[in-house]
Amino acid sequence: MKVLVCISKTPDTTAKIAFQNDGKAFQADGVQFIMNPYDEWFALVRGLELTEAQGGTVTVINVGTADNDTIIRKALAIGAQDAVRINKEPESAWDVAHQLAAYIKSQSYDLILLGKETIDYNDSEVGAALAELLDLPFISYANKLDVSGTTATISREIEGGTEVMEASLPLVISCAQGLAQQRIPNMKGIMTSKTKPLAVIEPVATSSPSVIIRHELPPARKSVHLIAPEDTDELVRLLHEEAKVI
Amino acid sequence: MSVIIFAEAVEGSLKKSAFEATTYGRKVADLCGLTCKAVTLGTVENAGELGAYGAQEVYNIADNSLNQFDSQSYTSAIADAFNQLGGTILVLSHTAIGKSITGRLAVRLNAGSVSGASELPNVSDGFIVPKSVYSGKATAFYNITSDKKVISVMGNAIKPEKSGEAVAVQSLSVSVPAAKVKVIERKTVSGVVPLPEASLVVSAGRGMKDPSNWGIIEQLAAELGATTACSRPVSDSGWRPHHEHVGQTGIAIRPNLYIAIGISGAIQHLAGVNNSRVIVVINKDPEAPFFKAADYGIVGDLFEVVPRLIESVKRFKSSH
Ligand SMILES: Cc1cc2nc3c(=O)[nH]c(=O)nc-3n(C[C@H](O)[C@H](O)[C@H](O)COP(=O)(O)OP(=O)(O)OC[C@H]3O[C@@H](n4cnc5c(N)ncnc54)[C@H](O)[C@@H]3O)c2cc1C
Ligand SMILES: Nc1ncnc2c1ncn2[C@@H]1O[C@H](COP(=O)(O)O)[C@@H](O)[C@H]1O
C-alpha cells in the first residue's frame, strides 16, 4: 500500500499571535513552528501503523519553502520513508490543493491522508479541494481507519455522534483525534532521517481566487467581573440582563 | 443572478445551521442586490420554513440516495442546482458535511471560497469576508476576486432571523451520480443539542475529582437547556465520552455562553472555546489562567457553588 501524508507547518499553540506590515503578514520572529498536530499525531502515525502491519510505504509531502525542512525531517524521523517538498510559500488552501494535485496526478497512491484542519487558519478545505481535483472520494474527520485488501472502513465525527462508512481505495481522508496515538521520534529515527530522500520540486503556476488581505486582533477582553460565591442569583441576573445569553 | 443556499437537514428535518446559513445568505443577497434561493437534498419535511428565514424560493432535489451523505454526490447535486438556478454566490454551513464539500464545490464551480466565515462580507470595495483564525486570537479578511463565490458559515456566527413566511417547495431535478462511499452505520446521541451547534455549554474539568460527581454538571446543563462538554484529561481518562472534549485537539465551539467549572484554562483548552460570546469561570484558585479569558467569574469550591447556581437558575426560571 502506498500512503501519502500531507503535512503543514503551523505556529505552536502557545505562540504569541501578532501581525506586521499593516496586518498583512504574520509576525514570525521568535515564534516556534511545529508540524500541524493533526498531521503529525493522527495522519502520519495511522499511515505508518497501516503500512507496518500490511506492507507498503509512507511518503510525506509539503508545500512550502526550505524553512519547512525541519518539520519534514521530523516526519521522516517518526518513520516516513521519503519526502517531497513543493517549493513555494502557499498563497491559500486553494493553492496548496492545486500544487498537491499537480504532483499526485503523476503518481499512484492508495491512500492520501491529511489533518482535519491546520490549527492556524482552520480552513478544513485542502482535503476536499484536493479530492475534487483528483476525482476521488473524500472522507473528513476520520477517527478510525482500517484497510482490508482494497476496502477501507472509516468512522468519522459528525455533530453529536459518529458515522461509519466503507469505500474502495484510492481515497482522500482527513484525520482527527482518536485515529492514532502521538509517536515521539527515537534516536535511531532521528539519525536515519538525515539521510532519507527529500525531493524538492518546483510549483505549478496558479492564481488563487481568494486570498487574505489583512488581519486584525480582537478588542481586548474586559477584565473579569467577579461575583461572590454566595451570590449565584447575581450571576444569573447578569447573564440575563447584562450579557443577555439566558 | 442569485445567492444559493445549501440548507442541511438531518433525518428529514432542517438543522439549526440551515436557518443560520439562510439568514446569512439572505443578508448577502440584499447587500449585493440578488435573489436568495435555498436548496435542500433528499427527504426534508420542513424545507418550506426556509422561506420564513429569508429564502425567496426553496427547492428540493428529492433523490433518495441523497438521504446519505457522500461528498461527491452532494457536490455534484449542489453544483448542478447552483448552475440551473443562476447561482453566483453559494452559502452553506461549516458543519461536518460543509467541511467535506466546501473545498470540492470551490474547485467544481471554479469559485473563490472562505470556509468558516464569522461575519457578513463587506462589499463596498471588493468582496471581503471576515473569518476568525488562530483559534479566535485574530480575524483574517479574505478578498474573493472570482465572479463565483463559495462561503461556509461558522456555527453561531449569525442568529437565525425570521423575516417572512414559509414558501412552497419546488422540486428540482438533477442527475445524481451513485455514491462511492457507503454509510453503514450512524450513531448519534438523541435528545440533546450536539456540541458544535449548542448555544449554551456547561463544561467541567479535572477539578471534579471523580466521574461520579458529574450529576451536578448534568443537572445544571439540564436546567439551562445546555449541552455538556469537558477538558481533555477528563475524556482521556474515560470520565466522559470523547465527543465532549473541547480544545485544540478536540472540537472548537462558539456558543453564546460557556460555563467552565474546575478547568484551569490551559492555552490548548482555550483554543477551542475562545470564540464563545460570554465565558463564566468557576474555580477555587483565583490564579487559574481561565479568569483572564472570562467575562464573569466565581472564585470558590465548585461543590458548593454549582448546587447553589442550580437553585438560582431554578428560581430564575420560575419567575421568568
Ligand atoms: C499538545 C497539547 C494539546 C492539548 N489539547 C487539549 C485540548 O484540546 N483540550 C484540553 O482541554 N486540554 C488539552 N491539552 C491539555 C491542557 O494543556 C491541560 O492539561 C488541560 O486542559 C487541563 O485540564 P483541566 O483544566 O481539566 O485540569 P487541571 O489543569 O488539573 O485543572 C483543574 C482545575 O480545577 C480547579 N479545581 C480543583 N478542585 C476544585 C474545586 N473543588 N472547586 C473549584 N475548582 C477546583 C483547579 O484550581 C484547577 O484550576 C493539551 C495539551 C497539549 C500539550
Ligand atoms: N502547505 C501544505 N503542504 C502540505 N499539506 C498541507 C499544507 N497546508 C495544509 N495541508 C494539509 O491540509 C490539511 C488541512 O489544511 P486546511 O484545509 O488548510 O485546514 C492539513 O492538516 C494538512 O494535512
# chains A, B, ... in the order shown; residues from 1 in each chain; ligands from 1
>>> interface_residues(of="chain A", to="chain B", cutoff="7 Å", atoms="only C-alpha atoms", output="PyMOL selection string")
chain A and resi 13-14+17+119-126+128-129+132+137-140+158-167+177+209-218+223-229+232-233+236+245
>>> residues_around(residues="A:Asn36", least_positions_apart="6", cutoff="10 Å", atoms="only C-alpha atoms", output="PyMOL selection string")
chain A and resi 7-13+71+115-120
>>> write_last_selection(atoms="all heavy atoms", output="compact mmCIF listing (two decimals), in the first residue's frame")
# COMPACT_ATOMS: atom_id res chain seq x y z
N ILE A 7 1.61 17.18 5.02
CA ILE A 7 1.93 17.82 6.30
C ILE A 7 2.11 19.33 6.12
O ILE A 7 2.58 19.80 5.09
CB ILE A 7 3.20 17.20 6.96
CG1 ILE A 7 4.42 17.34 6.06
CG2 ILE A 7 2.97 15.74 7.31
CD1 ILE A 7 5.72 16.97 6.77
N SER A 8 1.70 20.06 7.13
CA SER A 8 1.84 21.51 7.06
C SER A 8 2.52 22.01 8.32
O SER A 8 2.63 21.29 9.32
CB SER A 8 0.46 22.15 6.90
OG SER A 8 -0.40 21.68 7.90
N LYS A 9 2.93 23.26 8.26
CA LYS A 9 3.66 23.87 9.37
C LYS A 9 2.77 24.93 9.98
O LYS A 9 2.14 25.71 9.25
CB LYS A 9 4.93 24.49 8.79
CG LYS A 9 5.90 25.01 9.82
CD LYS A 9 7.08 25.69 9.14
CE LYS A 9 6.70 27.05 8.60
NZ LYS A 9 7.85 27.82 8.11
N THR A 10 2.70 24.95 11.32
CA THR A 10 1.87 25.98 11.97
C THR A 10 2.63 26.54 13.17
O THR A 10 3.50 25.88 13.71
CB THR A 10 0.54 25.38 12.50
OG1 THR A 10 0.86 24.31 13.39
CG2 THR A 10 -0.33 24.86 11.40
N PRO A 11 2.28 27.73 13.59
CA PRO A 11 2.88 28.23 14.83
C PRO A 11 2.42 27.35 15.99
O PRO A 11 1.29 26.86 15.98
CB PRO A 11 2.31 29.64 14.99
CG PRO A 11 1.69 29.98 13.69
CD PRO A 11 1.34 28.70 13.01
N ASP A 12 3.27 27.14 16.95
CA ASP A 12 2.91 26.42 18.16
C ASP A 12 1.70 27.11 18.80
O ASP A 12 1.58 28.33 18.72
CB ASP A 12 4.14 26.49 19.09
CG ASP A 12 3.93 25.67 20.34
OD1 ASP A 12 3.18 24.69 20.26
OD2 ASP A 12 4.51 26.02 21.37
N THR A 13 0.83 26.32 19.45
CA THR A 13 -0.37 26.94 20.05
C THR A 13 -0.05 28.02 21.07
O THR A 13 -0.86 28.90 21.31
CB THR A 13 -1.21 25.95 20.89
OG1 THR A 13 -0.52 24.75 21.06
CG2 THR A 13 -2.58 25.80 20.32
N ILE A 71 10.44 20.44 9.84
CA ILE A 71 9.29 19.58 10.17
C ILE A 71 9.25 18.36 9.25
O ILE A 71 8.79 17.29 9.65
CB ILE A 71 7.94 20.35 10.16
CG1 ILE A 71 7.62 20.89 8.78
CG2 ILE A 71 7.88 21.43 11.21
CD1 ILE A 71 6.16 20.77 8.45
N GLY A 115 -4.48 16.23 7.74
CA GLY A 115 -5.05 16.56 9.04
C GLY A 115 -6.44 17.13 8.82
O GLY A 115 -6.79 17.57 7.72
N LYS A 116 -7.27 17.15 9.88
CA LYS A 116 -8.64 17.64 9.68
C LYS A 116 -8.65 19.14 9.39
O LYS A 116 -9.51 19.64 8.68
CB LYS A 116 -9.53 17.32 10.88
CG LYS A 116 -9.27 18.14 12.14
CD LYS A 116 -10.41 17.92 13.14
CE LYS A 116 -10.27 18.89 14.29
NZ LYS A 116 -11.30 18.69 15.32
N GLU A 117 -7.66 19.85 9.90
CA GLU A 117 -7.51 21.28 9.61
C GLU A 117 -6.16 21.72 10.13
O GLU A 117 -5.54 21.03 10.94
CB GLU A 117 -8.61 22.11 10.26
CG GLU A 117 -8.57 22.08 11.78
CD GLU A 117 -9.70 22.88 12.45
OE1 GLU A 117 -10.71 23.17 11.82
OE2 GLU A 117 -9.52 23.20 13.63
N THR A 118 -5.69 22.87 9.67
CA THR A 118 -4.48 23.41 10.26
C THR A 118 -4.92 24.23 11.47
O THR A 118 -6.01 24.81 11.48
CB THR A 118 -3.74 24.33 9.27
OG1 THR A 118 -4.67 25.28 8.77
CG2 THR A 118 -3.18 23.52 8.11
N ILE A 119 -4.08 24.27 12.51
CA ILE A 119 -4.53 24.96 13.72
C ILE A 119 -4.36 26.48 13.63
O ILE A 119 -4.77 27.19 14.51
CB ILE A 119 -3.84 24.42 15.00
CG1 ILE A 119 -2.33 24.60 14.94
CG2 ILE A 119 -4.19 22.95 15.22
CD1 ILE A 119 -1.66 24.36 16.28
N ASP A 120 -3.79 26.99 12.53
CA ASP A 120 -3.69 28.45 12.41
C ASP A 120 -4.89 29.05 11.67
O ASP A 120 -5.63 29.84 12.23
CB ASP A 120 -2.35 28.87 11.79
CG ASP A 120 -1.98 28.12 10.52
OD1 ASP A 120 -2.81 27.31 10.04
OD2 ASP A 120 -0.87 28.33 10.01
>>> residues_around(residues="stretch 89-102 of chain A", least_positions_apart="6", cutoff="7 Å", atoms="only C-alpha atoms", output="list in words")
Val63, Gly64, Thr65, Glu125, Val126, Ala129, Leu130, Leu133, Leu134, Pro203, Val204, Thr206, Ser208 and Val211 of chain A
>>> closest_residue(among="A:Ser174, A:Ser148, A:Gln20, A:Gln32", to="A:Leu44", atoms="only C-alpha atoms")
A:Ser174
>>> residues_around(residues="A:Met1", least_positions_apart="3", cutoff="7 Å", atoms="only C-alpha atoms", output="ChimeraX atom specification")
/A:51,55-57,110
>>> atom_distance(atom1="atom 19 (O, counted along the ligand's line) of ligand 1", atom2="atom CA of B:Ile217")
20.1 Å
>>> atom_distance(atom1="atom CA of A:Ile190", atom2="atom 1 (C, counted along the ligand's line) of ligand 1")
20.6 Å
>>> select_by_dssp(residues="stretch 111-300 of chain B", states="alpha helix (DSSP H)", output="PyMOL selection string")
chain B and resi 215-224+232-236+267-273
>>> residues_around(residues="A:Ala180", least_positions_apart="4", cutoff="12 Å", atoms="only C-alpha atoms", output="mmCIF file with N, CA and C atoms, in the first residue's frame")
data_model
loop_
_atom_site.group_PDB
_atom_site.id
_atom_site.type_symbol
_atom_site.label_atom_id
_atom_site.label_comp_id
_atom_site.auth_asym_id
_atom_site.auth_seq_id
_atom_site.Cartn_x
_atom_site.Cartn_y
_atom_site.Cartn_z
ATOM 1 N N PRO A 37 -0.486 19.507 14.450
ATOM 2 C CA PRO A 37 -0.701 18.303 15.274
ATOM 3 C C PRO A 37 -1.572 17.227 14.613
ATOM 4 N N TYR A 38 -2.610 17.596 13.902
ATOM 5 C CA TYR A 38 -3.465 16.573 13.280
ATOM 6 C C TYR A 38 -2.703 15.781 12.228
ATOM 7 N N ASP A 39 -1.777 16.457 11.534
ATOM 8 C CA ASP A 39 -0.984 15.783 10.503
ATOM 9 C C ASP A 39 -0.004 14.823 11.166
ATOM 10 N N GLU A 40 0.650 15.331 12.226
ATOM 11 C CA GLU A 40 1.712 14.550 12.867
ATOM 12 C C GLU A 40 1.151 13.390 13.692
ATOM 13 N N TRP A 41 0.221 13.699 14.575
ATOM 14 C CA TRP A 41 -0.220 12.692 15.537
ATOM 15 C C TRP A 41 -1.136 11.656 14.911
ATOM 16 N N PHE A 42 -2.004 12.107 14.015
ATOM 17 C CA PHE A 42 -3.049 11.200 13.543
ATOM 18 C C PHE A 42 -2.802 10.700 12.118
ATOM 19 N N ALA A 43 -2.631 11.602 11.143
ATOM 20 C CA ALA A 43 -2.478 11.175 9.748
ATOM 21 C C ALA A 43 -1.180 10.371 9.584
ATOM 22 N N LEU A 44 -0.084 10.933 10.029
ATOM 23 C CA LEU A 44 1.207 10.267 9.835
ATOM 24 C C LEU A 44 1.271 8.948 10.597
ATOM 25 N N VAL A 45 0.885 8.975 11.871
ATOM 26 C CA VAL A 45 1.029 7.756 12.671
ATOM 27 C C VAL A 45 0.104 6.653 12.158
ATOM 28 N N ARG A 46 -1.123 6.991 11.783
ATOM 29 C CA ARG A 46 -2.022 5.939 11.271
ATOM 30 C C ARG A 46 -1.484 5.382 9.953
ATOM 31 N N GLY A 47 -0.935 6.243 9.115
ATOM 32 C CA GLY A 47 -0.322 5.782 7.859
ATOM 33 C C GLY A 47 0.803 4.799 8.150
ATOM 34 N N LEU A 48 1.622 5.121 9.136
ATOM 35 C CA LEU A 48 2.732 4.230 9.492
ATOM 36 C C LEU A 48 2.212 2.910 10.037
ATOM 37 N N GLU A 49 1.217 2.973 10.921
ATOM 38 C CA GLU A 49 0.675 1.737 11.505
ATOM 39 C C GLU A 49 0.140 0.805 10.414
ATOM 40 N N LEU A 50 -0.585 1.395 9.459
ATOM 41 C CA LEU A 50 -1.171 0.557 8.404
ATOM 42 C C LEU A 50 -0.097 -0.098 7.550
ATOM 43 N N ALA A 142 -11.897 11.675 10.058
ATOM 44 C CA ALA A 142 -11.893 10.257 10.429
ATOM 45 C C ALA A 142 -11.327 10.086 11.836
ATOM 46 N N ASN A 143 -12.012 9.275 12.667
ATOM 47 C CA ASN A 143 -11.427 8.946 13.967
ATOM 48 C C ASN A 143 -11.106 7.466 14.081
ATOM 49 N N LYS A 144 -11.410 6.698 13.020
ATOM 50 C CA LYS A 144 -10.972 5.294 12.914
ATOM 51 C C LYS A 144 -10.774 4.996 11.438
ATOM 52 N N LEU A 145 -9.737 4.250 11.146
ATOM 53 C CA LEU A 145 -9.483 3.891 9.748
ATOM 54 C C LEU A 145 -8.837 2.526 9.703
ATOM 55 N N ASP A 146 -9.494 1.592 9.028
ATOM 56 C CA ASP A 146 -8.910 0.273 8.821
ATOM 57 C C ASP A 146 -8.971 -0.049 7.349
ATOM 58 N N CYS A 175 -7.875 13.518 8.937
ATOM 59 C CA CYS A 175 -7.729 12.749 10.168
ATOM 60 C C CYS A 175 -7.937 13.588 11.422
ATOM 61 N N ALA A 176 -8.685 13.022 12.384
ATOM 62 C CA ALA A 176 -8.998 13.728 13.627
ATOM 63 C C ALA A 176 -8.544 12.900 14.816
#
>>> decode(residues="stretch 88-126 of chain B", atoms="N, CA and C atoms", output="tab-separated table (two decimals), in the first residue's frame")
chain	number	residue	atom	x	y	z
B	88	THR	N	-24.59	32.73	-8.23
B	88	THR	CA	-23.29	33.40	-8.31
B	88	THR	C	-22.56	33.29	-6.97
B	89	ILE	N	-23.34	33.25	-5.86
B	89	ILE	CA	-22.71	33.05	-4.55
B	89	ILE	C	-23.38	31.84	-3.89
B	90	LEU	N	-22.56	30.91	-3.42
B	90	LEU	CA	-23.10	29.74	-2.74
B	90	LEU	C	-22.80	29.87	-1.24
B	91	VAL	N	-23.84	29.71	-0.42
B	91	VAL	CA	-23.67	29.78	1.04
B	91	VAL	C	-24.05	28.44	1.65
B	92	LEU	N	-23.19	27.91	2.49
B	92	LEU	CA	-23.52	26.67	3.20
B	92	LEU	C	-23.00	26.76	4.63
B	93	SER	N	-23.21	25.71	5.42
B	93	SER	CA	-22.80	25.74	6.83
B	93	SER	C	-21.45	25.07	7.01
B	94	HIS	N	-20.69	25.55	7.97
B	94	HIS	CA	-19.37	24.98	8.26
B	94	HIS	C	-19.54	23.82	9.25
B	95	THR	N	-20.24	22.79	8.82
B	95	THR	CA	-20.55	21.63	9.65
B	95	THR	C	-19.72	20.44	9.16
B	96	ALA	N	-19.95	19.27	9.74
B	96	ALA	CA	-19.23	18.06	9.28
B	96	ALA	C	-19.44	17.89	7.78
B	97	ILE	N	-20.65	18.11	7.31
B	97	ILE	CA	-20.92	17.99	5.87
B	97	ILE	C	-20.29	19.16	5.11
B	98	GLY	N	-20.50	20.37	5.61
B	98	GLY	CA	-19.95	21.55	4.94
B	98	GLY	C	-18.44	21.46	4.76
B	99	LYS	N	-17.76	20.98	5.82
B	99	LYS	CA	-16.30	20.88	5.74
B	99	LYS	C	-15.87	19.85	4.72
B	100	SER	N	-16.74	18.90	4.40
B	100	SER	CA	-16.37	17.87	3.42
B	100	SER	C	-16.61	18.33	1.99
B	101	ILE	N	-17.34	19.42	1.80
B	101	ILE	CA	-17.68	19.79	0.42
B	101	ILE	C	-17.32	21.22	0.03
B	102	THR	N	-17.01	22.09	0.98
B	102	THR	CA	-16.72	23.49	0.61
B	102	THR	C	-15.57	23.55	-0.40
B	103	GLY	N	-14.47	22.87	-0.08
B	103	GLY	CA	-13.31	22.87	-0.98
B	103	GLY	C	-13.63	22.22	-2.32
B	104	ARG	N	-14.42	21.17	-2.27
B	104	ARG	CA	-14.82	20.46	-3.51
B	104	ARG	C	-15.63	21.39	-4.40
B	105	LEU	N	-16.63	22.06	-3.79
B	105	LEU	CA	-17.51	22.94	-4.57
B	105	LEU	C	-16.73	24.12	-5.14
B	106	ALA	N	-15.77	24.63	-4.38
B	106	ALA	CA	-14.96	25.75	-4.86
B	106	ALA	C	-14.23	25.33	-6.14
B	107	VAL	N	-13.66	24.13	-6.11
B	107	VAL	CA	-12.95	23.64	-7.30
B	107	VAL	C	-13.93	23.40	-8.44
B	108	ARG	N	-15.03	22.72	-8.13
B	108	ARG	CA	-16.01	22.36	-9.17
B	108	ARG	C	-16.58	23.60	-9.85
B	109	LEU	N	-16.87	24.64	-9.06
B	109	LEU	CA	-17.50	25.85	-9.62
B	109	LEU	C	-16.47	26.88	-10.06
B	110	ASN	N	-15.20	26.54	-9.86
B	110	ASN	CA	-14.12	27.48	-10.14
B	110	ASN	C	-14.36	28.81	-9.40
B	111	ALA	N	-14.63	28.67	-8.11
B	111	ALA	CA	-15.01	29.82	-7.29
B	111	ALA	C	-14.00	30.03	-6.17
B	112	GLY	N	-13.80	31.26	-5.79
B	112	GLY	CA	-13.01	31.55	-4.60
B	112	GLY	C	-13.86	31.24	-3.38
B	113	SER	N	-13.23	30.78	-2.30
B	113	SER	CA	-14.04	30.37	-1.15
B	113	SER	C	-13.48	30.89	0.16
B	114	VAL	N	-14.36	30.97	1.15
B	114	VAL	CA	-13.95	31.20	2.53
B	114	VAL	C	-14.66	30.14	3.35
B	115	SER	N	-13.90	29.34	4.09
B	115	SER	CA	-14.57	28.30	4.88
B	115	SER	C	-14.56	28.71	6.34
B	116	GLY	N	-15.76	28.88	6.88
B	116	GLY	CA	-15.89	29.27	8.28
B	116	GLY	C	-15.99	30.76	8.48
B	117	ALA	N	-16.76	31.45	7.62
B	117	ALA	CA	-16.92	32.90	7.77
B	117	ALA	C	-17.53	33.22	9.13
B	118	SER	N	-17.02	34.27	9.78
B	118	SER	CA	-17.53	34.61	11.10
B	118	SER	C	-18.46	35.81	11.08
B	119	GLU	N	-18.45	36.56	9.96
B	119	GLU	CA	-19.33	37.73	9.86
B	119	GLU	C	-19.76	37.90	8.41
B	120	LEU	N	-20.66	38.85	8.18
B	120	LEU	CA	-21.11	39.14	6.81
B	120	LEU	C	-19.97	39.78	6.02
B	121	PRO	N	-20.00	39.63	4.70
B	121	PRO	CA	-18.95	40.27	3.89
B	121	PRO	C	-19.14	41.78	3.83
B	122	ASN	N	-18.05	42.46	3.52
B	122	ASN	CA	-18.12	43.88	3.22
B	122	ASN	C	-17.99	43.99	1.70
B	123	VAL	N	-19.00	44.57	1.06
B	123	VAL	CA	-18.99	44.58	-0.41
B	123	VAL	C	-18.78	45.98	-0.98
B	124	SER	N	-18.37	46.91	-0.12
B	124	SER	CA	-18.23	48.29	-0.62
B	124	SER	C	-17.00	48.44	-1.50
B	125	ASP	N	-15.98	47.62	-1.27
B	125	ASP	CA	-14.78	47.70	-2.09
B	125	ASP	C	-14.22	46.29	-2.21
B	126	GLY	N	-14.65	45.58	-3.25
B	126	GLY	CA	-14.28	44.16	-3.37
B	126	GLY	C	-15.33	43.32	-2.66
